[in-house]
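S.K.: File name start-v9.txt; file contents compact mmCIF, N, CA and C atoms; full text below.
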# COMPACT_ATOMS: atom_id res chain seq x y z
N MET J 17 16.30 61.64 41.89
CA MET J 17 15.90 63.01 41.76
C MET J 17 17.03 63.91 42.26
N LYS J 18 17.31 64.94 41.50
CA LYS J 18 18.39 65.85 41.85
C LYS J 18 17.92 66.79 42.95
N LYS J 19 18.74 66.93 43.97
CA LYS J 19 18.41 67.79 45.10
C LYS J 19 19.02 69.17 44.87
N ILE J 20 18.22 70.20 45.12
CA ILE J 20 18.70 71.57 44.95
C ILE J 20 18.95 72.16 46.32
N ASN J 21 20.15 72.65 46.51
CA ASN J 21 20.50 73.28 47.78
C ASN J 21 20.39 74.79 47.63
N VAL J 22 19.48 75.37 48.40
CA VAL J 22 19.28 76.82 48.37
C VAL J 22 19.42 77.34 49.79
N ASP J 23 20.22 78.36 49.93
CA ASP J 23 20.39 78.99 51.23
C ASP J 23 19.21 79.93 51.47
N PRO J 24 18.48 79.77 52.56
CA PRO J 24 17.33 80.64 52.82
C PRO J 24 17.69 82.12 52.91
N LYS J 25 18.95 82.42 53.21
CA LYS J 25 19.37 83.82 53.30
C LYS J 25 19.41 84.48 51.92
N ASP J 26 19.55 83.68 50.87
CA ASP J 26 19.62 84.22 49.52
C ASP J 26 18.23 84.48 48.92
N LEU J 27 17.19 83.96 49.54
CA LEU J 27 15.83 84.11 49.01
C LEU J 27 15.26 85.48 49.38
N GLU J 28 14.57 86.08 48.43
CA GLU J 28 13.92 87.36 48.67
C GLU J 28 12.41 87.18 48.49
N PRO J 29 11.60 87.92 49.25
CA PRO J 29 10.15 87.79 49.10
C PRO J 29 9.68 88.33 47.75
N ILE J 30 8.63 87.73 47.25
CA ILE J 30 8.04 88.19 45.99
C ILE J 30 7.24 89.45 46.28
N GLU J 31 7.47 90.47 45.51
CA GLU J 31 6.78 91.74 45.73
C GLU J 31 5.51 91.78 44.89
N THR J 32 4.47 91.16 45.41
CA THR J 32 3.18 91.17 44.76
C THR J 32 2.11 91.16 45.83
N ASP J 33 0.96 91.69 45.50
CA ASP J 33 -0.13 91.71 46.48
C ASP J 33 -1.34 90.93 45.99
N GLY J 34 -1.29 90.37 44.80
CA GLY J 34 -2.37 89.53 44.31
C GLY J 34 -3.63 90.26 43.92
N ILE J 35 -3.53 91.54 43.61
CA ILE J 35 -4.74 92.31 43.30
C ILE J 35 -5.39 91.83 42.00
N ASN J 36 -4.60 91.39 41.04
CA ASN J 36 -5.18 90.89 39.80
C ASN J 36 -6.02 89.64 40.05
N LEU J 37 -5.53 88.76 40.91
CA LEU J 37 -6.28 87.57 41.27
C LEU J 37 -7.57 87.94 42.00
N LEU J 38 -7.51 88.95 42.85
CA LEU J 38 -8.72 89.41 43.54
C LEU J 38 -9.74 89.96 42.55
N TYR J 39 -9.29 90.74 41.58
CA TYR J 39 -10.21 91.26 40.56
C TYR J 39 -10.90 90.12 39.80
N ILE J 40 -10.12 89.15 39.38
CA ILE J 40 -10.66 88.03 38.60
C ILE J 40 -11.64 87.21 39.44
N GLY J 41 -11.25 86.87 40.66
CA GLY J 41 -12.11 86.08 41.52
C GLY J 41 -13.41 86.78 41.87
N THR J 42 -13.32 88.08 42.18
CA THR J 42 -14.52 88.84 42.52
C THR J 42 -15.44 88.93 41.32
N PHE J 43 -14.87 89.15 40.15
CA PHE J 43 -15.68 89.22 38.94
C PHE J 43 -16.38 87.89 38.66
N LEU J 44 -15.66 86.79 38.83
CA LEU J 44 -16.26 85.48 38.58
C LEU J 44 -17.37 85.15 39.58
N PHE J 45 -17.17 85.52 40.84
CA PHE J 45 -18.23 85.31 41.82
C PHE J 45 -19.45 86.17 41.51
N ALA J 46 -19.22 87.43 41.09
CA ALA J 46 -20.35 88.30 40.73
C ALA J 46 -21.08 87.75 39.51
N LEU J 47 -20.32 87.26 38.54
CA LEU J 47 -20.92 86.67 37.35
C LEU J 47 -21.77 85.44 37.71
N ALA J 48 -21.25 84.61 38.60
CA ALA J 48 -22.00 83.44 39.04
C ALA J 48 -23.26 83.85 39.81
N THR J 49 -23.18 84.92 40.58
CA THR J 49 -24.36 85.41 41.30
C THR J 49 -25.46 85.81 40.33
N PHE J 50 -25.09 86.60 39.33
CA PHE J 50 -26.09 87.01 38.34
C PHE J 50 -26.60 85.82 37.53
N GLY J 51 -25.75 84.86 37.27
CA GLY J 51 -26.18 83.66 36.56
C GLY J 51 -27.21 82.87 37.34
N ILE J 52 -27.01 82.76 38.65
CA ILE J 52 -27.96 82.03 39.48
C ILE J 52 -29.27 82.80 39.61
N ILE J 53 -29.18 84.13 39.68
CA ILE J 53 -30.40 84.94 39.82
C ILE J 53 -31.23 84.89 38.54
N TYR J 54 -30.58 85.06 37.39
CA TYR J 54 -31.32 85.17 36.13
C TYR J 54 -31.59 83.84 35.44
N GLN J 55 -30.86 82.80 35.78
CA GLN J 55 -31.08 81.47 35.20
C GLN J 55 -31.18 80.45 36.34
N PRO J 56 -32.25 80.50 37.12
CA PRO J 56 -32.33 79.62 38.28
C PRO J 56 -32.49 78.14 37.94
N ASN J 57 -32.81 77.81 36.69
CA ASN J 57 -32.98 76.40 36.32
C ASN J 57 -31.65 75.69 36.11
N TRP J 58 -30.53 76.36 36.26
CA TRP J 58 -29.22 75.72 36.13
C TRP J 58 -28.98 74.69 37.23
N ILE J 59 -29.52 74.98 38.43
CA ILE J 59 -29.28 74.09 39.57
C ILE J 59 -30.60 73.71 40.23
N ASP J 60 -30.54 72.73 41.11
CA ASP J 60 -31.74 72.25 41.80
C ASP J 60 -32.34 73.35 42.68
N ASP J 61 -33.64 73.23 42.90
CA ASP J 61 -34.32 74.19 43.77
C ASP J 61 -33.83 74.09 45.22
N GLN J 62 -33.44 72.90 45.63
CA GLN J 62 -33.00 72.69 47.01
C GLN J 62 -31.66 73.36 47.29
N THR J 63 -30.78 73.39 46.31
CA THR J 63 -29.45 73.94 46.55
C THR J 63 -29.29 75.36 45.99
N GLN J 64 -30.31 75.89 45.37
CA GLN J 64 -30.19 77.21 44.76
C GLN J 64 -29.90 78.27 45.81
N SER J 65 -30.59 78.24 46.94
CA SER J 65 -30.37 79.27 47.96
C SER J 65 -28.96 79.16 48.55
N VAL J 66 -28.47 77.94 48.69
CA VAL J 66 -27.12 77.75 49.22
C VAL J 66 -26.09 78.35 48.27
N TRP J 67 -26.20 78.02 46.97
CA TRP J 67 -25.24 78.54 46.01
C TRP J 67 -25.35 80.05 45.83
N LEU J 68 -26.55 80.57 45.96
CA LEU J 68 -26.72 82.02 45.88
C LEU J 68 -26.01 82.70 47.05
N LYS J 69 -26.14 82.14 48.24
CA LYS J 69 -25.44 82.69 49.41
C LYS J 69 -23.93 82.60 49.24
N VAL J 70 -23.46 81.48 48.72
CA VAL J 70 -22.01 81.29 48.52
C VAL J 70 -21.46 82.32 47.54
N THR J 71 -22.16 82.53 46.43
CA THR J 71 -21.66 83.48 45.43
C THR J 71 -21.75 84.92 45.93
N ILE J 72 -22.79 85.24 46.68
CA ILE J 72 -22.89 86.60 47.23
C ILE J 72 -21.77 86.84 48.23
N MET J 73 -21.51 85.87 49.11
CA MET J 73 -20.43 86.03 50.09
C MET J 73 -19.07 86.08 49.40
N GLY J 74 -18.88 85.32 48.35
CA GLY J 74 -17.62 85.40 47.61
C GLY J 74 -17.41 86.77 47.00
N THR J 75 -18.47 87.35 46.48
CA THR J 75 -18.38 88.69 45.90
C THR J 75 -18.09 89.72 46.98
N VAL J 76 -18.79 89.63 48.09
CA VAL J 76 -18.59 90.60 49.19
C VAL J 76 -17.19 90.49 49.76
N LEU J 77 -16.73 89.27 50.00
CA LEU J 77 -15.38 89.09 50.53
C LEU J 77 -14.32 89.55 49.54
N GLY J 78 -14.57 89.36 48.25
CA GLY J 78 -13.64 89.86 47.24
C GLY J 78 -13.56 91.37 47.24
N LEU J 79 -14.71 92.04 47.39
CA LEU J 79 -14.71 93.50 47.46
C LEU J 79 -14.01 94.01 48.71
N ILE J 80 -14.20 93.32 49.83
CA ILE J 80 -13.49 93.70 51.06
C ILE J 80 -11.98 93.51 50.86
N GLY J 81 -11.60 92.40 50.26
CA GLY J 81 -10.18 92.15 50.00
C GLY J 81 -9.57 93.19 49.08
N LEU J 82 -10.32 93.60 48.06
CA LEU J 82 -9.81 94.65 47.16
C LEU J 82 -9.58 95.95 47.92
N ARG J 83 -10.50 96.27 48.79
CA ARG J 83 -10.34 97.52 49.57
C ARG J 83 -9.11 97.44 50.46
N ILE J 84 -8.91 96.29 51.11
CA ILE J 84 -7.75 96.12 51.99
C ILE J 84 -6.45 96.22 51.20
N VAL J 85 -6.39 95.54 50.06
CA VAL J 85 -5.16 95.53 49.26
C VAL J 85 -4.87 96.92 48.70
N LYS J 86 -5.90 97.62 48.24
CA LYS J 86 -5.69 98.98 47.71
C LYS J 86 -5.22 99.92 48.81
N ARG J 87 -5.80 99.79 50.01
CA ARG J 87 -5.38 100.63 51.12
C ARG J 87 -3.93 100.33 51.51
N ARG J 88 -3.57 99.06 51.49
CA ARG J 88 -2.19 98.66 51.81
C ARG J 88 -1.21 99.19 50.77
N ARG J 89 -1.61 99.09 49.49
CA ARG J 89 -0.76 99.62 48.41
C ARG J 89 -0.50 101.11 48.60
N LYS J 90 -1.57 101.83 48.92
CA LYS J 90 -1.47 103.27 49.10
C LYS J 90 -0.56 103.61 50.29
N ARG J 91 -0.71 102.85 51.38
CA ARG J 91 0.10 103.09 52.56
C ARG J 91 1.57 102.81 52.32
N LEU J 92 1.87 101.78 51.54
CA LEU J 92 3.26 101.42 51.24
C LEU J 92 3.85 102.22 50.08
N GLY J 93 3.01 102.94 49.36
CA GLY J 93 3.49 103.73 48.24
C GLY J 93 3.82 102.90 47.01
N LEU J 94 3.10 101.83 46.79
CA LEU J 94 3.36 100.96 45.62
C LEU J 94 2.60 101.43 44.42
Kindly present the structure from the file in structure tokens form.

M.R.:
Amino acid sequence: MKKINVDPKDLEPIETDGINLLYIGTFLFALATFGIIYQPNWIDDQTQSVWLKVTIMGTVLGLIGLRIVKRRRKRLGL
């Protein structure tokens, strides 16, 4: 295998904040929440409450993350 020599001083940080990934993830968690609420027969009765909690927390954490990233963007002027 060919070894690549890179000087760490030449590397620059990637200028991204991942907001698109946050939008997609939050949307998917919200979609899963509504899917579990409106189609409860998709999963077992024993695990339904667990998965509902997981999807609700994923949605809430995604919304908190979006707020943090937007506030950071505004502060940095991006």

S.K.: Identify which of the residues J:Leu79, J:Thr71, J:Gly34, J:Lys25 lies closest to J:Ala48, counting only N, CA and C atoms when measuring atom-to-atom distances.

M.R.: J:Thr71

S.K.: Rounded to one decimal in Å, what is the spacing between atom N of J:Leu68 and atom C of J:Ile40?

M.R.: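 Atom C of J:Ile40 lies 17.6 Å from atom N of J:Leu68.
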
S.K.: Report the distance between atom CA of J:Arg87 and atom N of J:Thr75 in Å, rounded to one decimal place.

M.R.: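 Computing it gives 19.2 Å between the two atoms.
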
S.K.: With distances taken over all atoms listed in the file, which residue among J:Asp26, J:Lys18, J:Leu37, J:Thr42 lies nearest J:Val76?

M.R.: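 Of J:Asp26, J:Lys18, J:Leu37, J:Thr42, the one nearest J:Val76, counting all atoms listed in the file, is J:Thr42.
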
S.K.: For J:Leu82, which residue out of J:Leu27, J:Ile59, J:Ile35, J:Leu47 is the nearest one, using only C-alpha atoms?

M.R.: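 That would be J:Ile35, the residue with the smallest distance to J:Leu82.
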
S.K.: As an exercise, work out the distance from atom N of J:Thr49 to atom CA of J:Val85 in Å and give it to one decimal place.

M.R.: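 Between these atoms lies a distance of 22.6 Å.
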
S.K.: Using only N, CA and C atoms, pick whichever of J:Val22, J:Leu92, J:Ile72, J:Leu77 has the shortest atom-to-atom distance to J:Phe50.

M.R.: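 Looking at the shortest contact to J:Phe50, the residue is J:Ile72.
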
S.K.: With DSSP run on the backbone, what are the alpha helix (DSSP H) residues within chain J? I'd like them as a PyMOL selection string.

M.R.: chain J and resi 35-54+61-92

S.K.: Can you write just those residues out, N, CA and C atoms, as a compact mmCIF listing (two decimals), in the coordinates of the input?

M.R.:
# COMPACT_ATOMS: atom_id res chain seq x y z
N ILE J 35 -3.53 91.54 43.61
CA ILE J 35 -4.74 92.31 43.30
C ILE J 35 -5.39 91.83 42.00
N ASN J 36 -4.60 91.39 41.04
CA ASN J 36 -5.18 90.89 39.80
C ASN J 36 -6.02 89.64 40.05
N LEU J 37 -5.53 88.76 40.91
CA LEU J 37 -6.28 87.57 41.27
C LEU J 37 -7.57 87.94 42.00
N LEU J 38 -7.51 88.95 42.85
CA LEU J 38 -8.72 89.41 43.54
C LEU J 38 -9.74 89.96 42.55
N TYR J 39 -9.29 90.74 41.58
CA TYR J 39 -10.21 91.26 40.56
C TYR J 39 -10.90 90.12 39.80
N ILE J 40 -10.12 89.15 39.38
CA ILE J 40 -10.66 88.03 38.60
C ILE J 40 -11.64 87.21 39.44
N GLY J 41 -11.25 86.87 40.66
CA GLY J 41 -12.11 86.08 41.52
C GLY J 41 -13.41 86.78 41.87
N THR J 42 -13.32 88.08 42.18
CA THR J 42 -14.52 88.84 42.52
C THR J 42 -15.44 88.93 41.32
N PHE J 43 -14.87 89.15 40.15
CA PHE J 43 -15.68 89.22 38.94
C PHE J 43 -16.38 87.89 38.66
N LEU J 44 -15.66 86.79 38.83
CA LEU J 44 -16.26 85.48 38.58
C LEU J 44 -17.37 85.15 39.58
N PHE J 45 -17.17 85.52 40.84
CA PHE J 45 -18.23 85.31 41.82
C PHE J 45 -19.45 86.17 41.51
N ALA J 46 -19.22 87.43 41.09
CA ALA J 46 -20.35 88.30 40.73
C ALA J 46 -21.08 87.75 39.51
N LEU J 47 -20.32 87.26 38.54
CA LEU J 47 -20.92 86.67 37.35
C LEU J 47 -21.77 85.44 37.71
N ALA J 48 -21.25 84.61 38.60
CA ALA J 48 -22.00 83.44 39.04
C ALA J 48 -23.26 83.85 39.81
N THR J 49 -23.18 84.92 40.58
CA THR J 49 -24.36 85.41 41.30
C THR J 49 -25.46 85.81 40.33
N PHE J 50 -25.09 86.60 39.33
CA PHE J 50 -26.09 87.01 38.34
C PHE J 50 -26.60 85.82 37.53
N GLY J 51 -25.75 84.86 37.27
CA GLY J 51 -26.18 83.66 36.56
C GLY J 51 -27.21 82.87 37.34
N ILE J 52 -27.01 82.76 38.65
CA ILE J 52 -27.96 82.03 39.48
C ILE J 52 -29.27 82.80 39.61
N ILE J 53 -29.18 84.13 39.68
CA ILE J 53 -30.40 84.94 39.82
C ILE J 53 -31.23 84.89 38.54
N TYR J 54 -30.58 85.06 37.39
CA TYR J 54 -31.32 85.17 36.13
C TYR J 54 -31.59 83.84 35.44
N ASP J 61 -33.64 73.23 42.90
CA ASP J 61 -34.32 74.19 43.77
C ASP J 61 -33.83 74.09 45.22
N GLN J 62 -33.44 72.90 45.63
CA GLN J 62 -33.00 72.69 47.01
C GLN J 62 -31.66 73.36 47.29
N THR J 63 -30.78 73.39 46.31
CA THR J 63 -29.45 73.94 46.55
C THR J 63 -29.29 75.36 45.99
N GLN J 64 -30.31 75.89 45.37
CA GLN J 64 -30.19 77.21 44.76
C GLN J 64 -29.90 78.27 45.81
N SER J 65 -30.59 78.24 46.94
CA SER J 65 -30.37 79.27 47.96
C SER J 65 -28.96 79.16 48.55
N VAL J 66 -28.47 77.94 48.69
CA VAL J 66 -27.12 77.75 49.22
C VAL J 66 -26.09 78.35 48.27
N TRP J 67 -26.20 78.02 46.97
CA TRP J 67 -25.24 78.54 46.01
C TRP J 67 -25.35 80.05 45.83
N LEU J 68 -26.55 80.57 45.96
CA LEU J 68 -26.72 82.02 45.88
C LEU J 68 -26.01 82.70 47.05
N LYS J 69 -26.14 82.14 48.24
CA LYS J 69 -25.44 82.69 49.41
C LYS J 69 -23.93 82.60 49.24
N VAL J 70 -23.46 81.48 48.72
CA VAL J 70 -22.01 81.29 48.52
C VAL J 70 -21.46 82.32 47.54
N THR J 71 -22.16 82.53 46.43
CA THR J 71 -21.66 83.48 45.43
C THR J 71 -21.75 84.92 45.93
N ILE J 72 -22.79 85.24 46.68
CA ILE J 72 -22.89 86.60 47.23
C ILE J 72 -21.77 86.84 48.23
N MET J 73 -21.51 85.87 49.11
CA MET J 73 -20.43 86.03 50.09
C MET J 73 -19.07 86.08 49.40
N GLY J 74 -18.88 85.32 48.35
CA GLY J 74 -17.62 85.40 47.61
C GLY J 74 -17.41 86.77 47.00
N THR J 75 -18.47 87.35 46.48
CA THR J 75 -18.38 88.69 45.90
C THR J 75 -18.09 89.72 46.98
N VAL J 76 -18.79 89.63 48.09
CA VAL J 76 -18.59 90.60 49.19
C VAL J 76 -17.19 90.49 49.76
N LEU J 77 -16.73 89.27 50.00
CA LEU J 77 -15.38 89.09 50.53
C LEU J 77 -14.32 89.55 49.54
N GLY J 78 -14.57 89.36 48.25
CA GLY J 78 -13.64 89.86 47.24
C GLY J 78 -13.56 91.37 47.24
N LEU J 79 -14.71 92.04 47.39
CA LEU J 79 -14.71 93.50 47.46
C LEU J 79 -14.01 94.01 48.71
N ILE J 80 -14.20 93.32 49.83
CA ILE J 80 -13.49 93.70 51.06
C ILE J 80 -11.98 93.51 50.86
N GLY J 81 -11.60 92.40 50.26
CA GLY J 81 -10.18 92.15 50.00
C GLY J 81 -9.57 93.19 49.08
N LEU J 82 -10.32 93.60 48.06
CA LEU J 82 -9.81 94.65 47.16
C LEU J 82 -9.58 95.95 47.92
N ARG J 83 -10.50 96.27 48.79
CA ARG J 83 -10.34 97.52 49.57
C ARG J 83 -9.11 97.44 50.46
N ILE J 84 -8.91 96.29 51.11
CA ILE J 84 -7.75 96.12 51.99
C ILE J 84 -6.45 96.22 51.20
N VAL J 85 -6.39 95.54 50.06
CA VAL J 85 -5.16 95.53 49.26
C VAL J 85 -4.87 96.92 48.70
N LYS J 86 -5.90 97.62 48.24
CA LYS J 86 -5.69 98.98 47.71
C LYS J 86 -5.22 99.92 48.81
N ARG J 87 -5.80 99.79 50.01
CA ARG J 87 -5.38 100.63 51.12
C ARG J 87 -3.93 100.33 51.51
N ARG J 88 -3.57 99.06 51.49
CA ARG J 88 -2.19 98.66 51.81
C ARG J 88 -1.21 99.19 50.77
N ARG J 89 -1.61 99.09 49.49
CA ARG J 89 -0.76 99.62 48.41
C ARG J 89 -0.50 101.11 48.60
N LYS J 90 -1.57 101.83 48.92
CA LYS J 90 -1.47 103.27 49.10
C LYS J 90 -0.56 103.61 50.29
N ARG J 91 -0.71 102.85 51.38
CA ARG J 91 0.10 103.09 52.56
C ARG J 91 1.57 102.81 52.32
N LEU J 92 1.87 101.78 51.54
CA LEU J 92 3.26 101.42 51.24
C LEU J 92 3.85 102.22 50.08

S.K.: Applying 9 Å and only C-alpha atoms, which residues near J:Gly78 remain after dropping the ones on its own chain fewer than 2 positions away? List them as a PyMOL selection string.

M.R.: chain J and resi 38-39+41-43+45+73-76+80-83

S.K.: Out of J:Lys86, J:Asp23, J:Tyr54, J:Gly93, which residue has the shortest atom-to-atom distance to J:Asn36 when counting only C-alpha atoms?

M.R.: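 Checking each candidate against J:Asn36, we get J:Lys86 as the closest.
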